[in-house]
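Chemist: Would you mind keeping the following structure in view while I ask a few things?
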Amino acid sequence: MFSSNASNLESAGSPDGYKKSLIRNLTFEVIPLNSLDTAVAALPDAAPVSVTCSPVKGIAETMRLTEQVRDAGHTAIPHIAARMVTSASHVDEIASWLKTEQIGRMFLVGGDADPAEGPYTDAAHFLRDLLDRGPELHTVGVTSYPDGHAFISDQLLSEALHEKQAILAEAGVSGYASTQMCFDESQIVNWLSNERANGFELPVHLGIAGVVERAKLMKMGVRLGVGTSLRFLKKNRKALTKLMSQADYDPSTLLDPLTEDLERLVVTGIHCFTFNQVEATQRWRQSIVEDVG
C-alpha cells in the first residue's frame, strides 16, 4: 500500500528529478510552541503539515491546532501519541473527532509518556483499537528508526514496524513509515535495504532536519532522541566540519548522497523537522523546486 503522494513522483524522469519532486511535496512538521503562528504564516499554500503531540500540552491541544492549521488552508496531519491516550472512552473521542472533522490522515507515535497515561504502552495496540472504532482514516503514518532507539532493541523496533504494517493491511488503510531524524545516509540505506529484504513494503517518508539554526538543531536533536546520529557527526569529521561551518543546517547535505537510492527503496515522501523555522526551510525548498538546471 502506497501513500497518496506516490503518484506525484511517477513522472520525475531521473533520480535528480525524483528527489526534486520529493522536496516539492515535502511535509512540514510544526510543534506547539509560541512560534507556531509565525511558522504557519510562512507555509506555502496548501502544504501538508504535520502537527506534533506535545507531552506537556497533550492530545487535546494537538487536535485544536490541527483544526487551526487545516482552517488556514493546509492538509493537517495530527500526531497521536498512544501512551498519552488515557482510556477506552478517550479512544472513542479521538475516533469521533477524526470522523467529524474529516481528518483522513494521521501520524501515530508511541510517545514518551513514562509511565503511560492509560492502557496503551505501544502504538500497535492503540492502532488496532482506534481502527475498530471506524474513524474513516484513509492513511496512517507510523514511526521508524534507522538510527535505533535509546530504550528499544532493533529487533523489537522491526517487529513493531511489521506488526503495524499488518494491522493497516487488515483494515484496508494505506500507510507509510516516517523515519526519525537521521544524519547518516549509509545508515538509512542499510536499514531500509534490510527491512525491504525482510518483507517491509510500506512506502517510507524520510525524516530530515529543515534549515535550522545549528545550535537549535543540536539541542533539539538530543531532546528528540537522535543521539546516535549526533555521535555519528562527532565521529565523521567531514560531516561535522560542514555542519559546524554553517550557521544553519542544509538538508541537501543528507539528501544529495541519497539521490540514487530514493526511488529504488520506495521513499515516497520527506518529513521535514522544521522546529518552527518554516520560513528558512521554505526558502531552501523553493530554491530546489525552481532550479531548472
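We label chains A, B, ... in the order they appear in the C-alpha cells, count residues from 1 in each chain, and number ligands from 1 in the order shown.
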Please identify all polymer residues within 12 Å of region 97-100 of chain A, counting only C-alpha atoms, omitting same-chain residues fewer than 6 positions from it, and present them as a PyMOL selection string.
Modeler: chain A and resi 59-60+62-64+66-67+76-80+90-91+106+130-131+133-139
Chemist: If you keep C-alpha atoms, can you produce a file of those selected residues as a CSV table (one decimal), in the first residue's frame?
Modeler:
chain,number,residue,atom,x,y,z
A,59,ILE,CA,-3.6,15.4,22.6
A,60,ALA,CA,-6.5,17.9,23.0
A,62,THR,CA,-2.8,18.8,19.1
A,63,MET,CA,-6.4,18.3,17.9
A,64,ARG,CA,-7.1,22.1,18.3
A,66,THR,CA,-4.8,20.6,13.7
A,67,GLU,CA,-8.1,22.3,13.1
A,76,ALA,CA,-3.2,19.0,8.6
A,77,ILE,CA,-1.8,15.7,9.9
A,78,PRO,CA,-2.2,15.2,13.7
A,79,HIS,CA,0.3,13.2,15.7
A,80,ILE,CA,-1.4,11.0,18.2
A,90,HIS,CA,-10.6,8.6,25.0
A,91,VAL,CA,-10.1,6.4,22.0
A,106,MET,CA,-2.9,10.9,11.0
A,130,LEU,CA,-8.7,3.0,17.0
A,131,LEU,CA,-9.3,1.4,13.6
A,133,ARG,CA,-13.9,2.5,16.0
A,134,GLY,CA,-14.3,3.4,12.3
A,135,PRO,CA,-12.5,6.8,12.3
A,136,GLU,CA,-12.7,6.8,8.5
A,137,LEU,CA,-8.9,7.3,8.1
A,138,HIS,CA,-7.5,6.7,4.6
A,139,THR,CA,-3.8,7.0,5.6
Chemist: Name the residues of region 94-278 of chain A that come out as strand (DSSP E or B) in a backbone DSSP run; write them as number ranges by chain.
Modeler: A: 105-109, 139-144, 174-179, 204-209, 213, 248, 267-273
Chemist: Please dump the current selection as an mmCIF file, in the first residue's frame; keep N, CA and C atoms.
Modeler:
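part.cif written:
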data_model
loop_
_atom_site.group_PDB
_atom_site.id
_atom_site.type_symbol
_atom_site.label_atom_id
_atom_site.label_comp_id
_atom_site.auth_asym_id
_atom_site.auth_seq_id
_atom_site.Cartn_x
_atom_site.Cartn_y
_atom_site.Cartn_z
ATOM 1 N N ARG A 105 -6.088 11.652 7.529
ATOM 2 C CA ARG A 105 -4.714 11.169 7.662
ATOM 3 C C ARG A 105 -4.172 11.560 9.023
ATOM 4 N N MET A 106 -3.534 10.613 9.690
ATOM 5 C CA MET A 106 -2.914 10.908 10.984
ATOM 6 C C MET A 106 -1.562 10.218 11.049
ATOM 7 N N PHE A 107 -0.762 10.658 12.005
ATOM 8 C CA PHE A 107 0.553 10.070 12.229
ATOM 9 C C PHE A 107 0.583 9.516 13.639
ATOM 10 N N LEU A 108 0.896 8.241 13.759
ATOM 11 C CA LEU A 108 0.861 7.540 15.041
ATOM 12 C C LEU A 108 2.260 7.406 15.620
ATOM 13 N N VAL A 109 2.405 7.811 16.862
ATOM 14 C CA VAL A 109 3.664 7.616 17.583
ATOM 15 C C VAL A 109 3.372 6.875 18.881
ATOM 16 N N THR A 139 -5.283 7.154 5.513
ATOM 17 C CA THR A 139 -3.836 6.978 5.563
ATOM 18 C C THR A 139 -3.339 7.154 6.995
ATOM 19 N N VAL A 140 -2.459 6.270 7.402
ATOM 20 C CA VAL A 140 -1.832 6.371 8.724
ATOM 21 C C VAL A 140 -0.326 6.263 8.559
ATOM 22 N N GLY A 141 0.390 7.235 9.101
ATOM 23 C CA GLY A 141 1.837 7.169 9.156
ATOM 24 C C GLY A 141 2.284 6.565 10.473
ATOM 25 N N VAL A 142 3.352 5.796 10.441
ATOM 26 C CA VAL A 142 3.895 5.191 11.653
ATOM 27 C C VAL A 142 5.379 5.509 11.745
ATOM 28 N N THR A 143 5.918 5.380 12.926
ATOM 29 C CA THR A 143 7.319 5.733 13.158
ATOM 30 C C THR A 143 8.260 4.607 12.742
ATOM 31 N N SER A 144 9.477 4.985 12.401
ATOM 32 C CA SER A 144 10.521 4.004 12.119
ATOM 33 C C SER A 144 11.870 4.591 12.531
ATOM 34 N N SER A 174 -4.309 2.692 3.904
ATOM 35 C CA SER A 174 -2.972 2.948 3.380
ATOM 36 C C SER A 174 -2.062 3.442 4.501
ATOM 37 N N GLY A 175 -0.791 3.171 4.356
ATOM 38 C CA GLY A 175 0.146 3.599 5.383
ATOM 39 C C GLY A 175 1.489 3.965 4.818
ATOM 40 N N TYR A 176 2.309 4.536 5.671
ATOM 41 C CA TYR A 176 3.691 4.832 5.330
ATOM 42 C C TYR A 176 4.469 4.877 6.636
ATOM 43 N N ALA A 177 5.761 4.692 6.544
ATOM 44 C CA ALA A 177 6.628 4.796 7.717
ATOM 45 C C ALA A 177 7.481 6.039 7.577
ATOM 46 N N SER A 178 7.421 6.907 8.555
ATOM 47 C CA SER A 178 8.243 8.109 8.556
ATOM 48 C C SER A 178 9.405 7.882 9.510
ATOM 49 N N THR A 179 10.606 8.183 9.043
ATOM 50 C CA THR A 179 11.784 7.876 9.849
ATOM 51 C C THR A 179 12.091 8.985 10.846
ATOM 52 N N VAL A 204 8.182 4.768 2.465
ATOM 53 C CA VAL A 204 8.876 5.456 3.558
ATOM 54 C C VAL A 204 8.939 6.950 3.264
ATOM 55 N N HIS A 205 8.689 7.729 4.295
ATOM 56 C CA HIS A 205 8.918 9.168 4.240
ATOM 57 C C HIS A 205 10.177 9.444 5.052
ATOM 58 N N LEU A 206 11.138 10.039 4.414
ATOM 59 C CA LEU A 206 12.437 10.260 5.044
ATOM 60 C C LEU A 206 12.367 11.464 5.974
ATOM 61 N N GLY A 207 12.694 11.263 7.233
ATOM 62 C CA GLY A 207 12.711 12.352 8.204
ATOM 63 C C GLY A 207 14.025 13.103 8.145
ATOM 64 N N ILE A 208 13.953 14.388 7.812
ATOM 65 C CA ILE A 208 15.167 15.196 7.719
ATOM 66 C C ILE A 208 14.990 16.489 8.507
ATOM 67 N N ALA A 209 16.083 17.037 8.980
ATOM 68 C CA ALA A 209 16.046 18.362 9.592
ATOM 69 C C ALA A 209 15.884 19.404 8.502
ATOM 70 N N GLU A 213 18.770 26.586 12.733
ATOM 71 C CA GLU A 213 19.976 27.105 13.372
ATOM 72 C C GLU A 213 20.755 25.956 13.994
ATOM 73 N N ASP A 248 23.385 27.620 9.659
ATOM 74 C CA ASP A 248 22.180 26.799 9.600
ATOM 75 C C ASP A 248 22.501 25.458 8.955
ATOM 76 N N VAL A 267 11.166 5.415 -1.254
ATOM 77 C CA VAL A 267 10.993 6.601 -0.428
ATOM 78 C C VAL A 267 10.067 7.530 -1.212
ATOM 79 N N THR A 268 8.848 7.720 -0.707
ATOM 80 C CA THR A 268 7.845 8.478 -1.466
ATOM 81 C C THR A 268 7.507 9.822 -0.838
ATOM 82 N N GLY A 269 8.198 10.186 0.220
ATOM 83 C CA GLY A 269 7.921 11.473 0.854
ATOM 84 C C GLY A 269 9.079 11.928 1.714
ATOM 85 N N ILE A 270 9.048 13.205 2.060
ATOM 86 C CA ILE A 270 10.007 13.783 3.001
ATOM 87 C C ILE A 270 9.232 14.419 4.139
ATOM 88 N N HIS A 271 9.598 14.045 5.345
ATOM 89 C CA HIS A 271 9.025 14.622 6.558
ATOM 90 C C HIS A 271 10.075 15.559 7.141
ATOM 91 N N CYS A 272 9.796 16.850 7.102
ATOM 92 C CA CYS A 272 10.817 17.842 7.438
ATOM 93 C C CYS A 272 10.597 18.404 8.839
ATOM 94 N N PHE A 273 11.553 18.150 9.718
ATOM 95 C CA PHE A 273 11.513 18.685 11.082
ATOM 96 C C PHE A 273 11.974 20.142 11.034
#
Chemist: What gap, in Å, lies between CA of Leu192 (chain A) and CA of Thr52 (chain A)?
Modeler: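 So the two atoms, CA of Leu192 (chain A) and CA of Thr52 (chain A), lie 24.3 Å apart.
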Chemist: With only C-alpha atoms as the atoms that count, which of A:Leu22, A:Ala81, A:Ile152, A:Val69 lies nearest to Ala39 (chain A)?
Modeler: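 That would be A:Val69, the residue with the smallest distance to Ala39 (chain A).
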Chemist: List every residue of region 44-258 of chain A that DSSP, applied to the backbone of this structure, assigns to helix (DSSP H, G or I), and report them as a PyMOL selection string.
Modeler: chain A and resi 58-71+82-84+88-100+123-132+154-171+185-197+214-223+227-235+237-244+252-258
Chemist: Please indicate the distance in Å from CA of Val173 (chain A) to CA of Ser21 (chain A), rounded to one decimal place.
Modeler: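 Separation between CA of Val173 (chain A) and CA of Ser21 (chain A): 24.4 Å.
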Chemist: Nearest to Asp184 (chain A) among A:Gly13, A:Pro44, A:Gly104, A:Pro257, with distances taken over only C-alpha atoms: which residue is it?
Modeler: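 Looking at the shortest contact to Asp184 (chain A), the residue is A:Pro257.
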Chemist: In terms of the shortest atom-to-atom distance over only C-alpha atoms, which of A:Arg196, A:His74, A:Arg264, A:His149 is closest to Ser14 (chain A)?
Modeler: A:Arg264
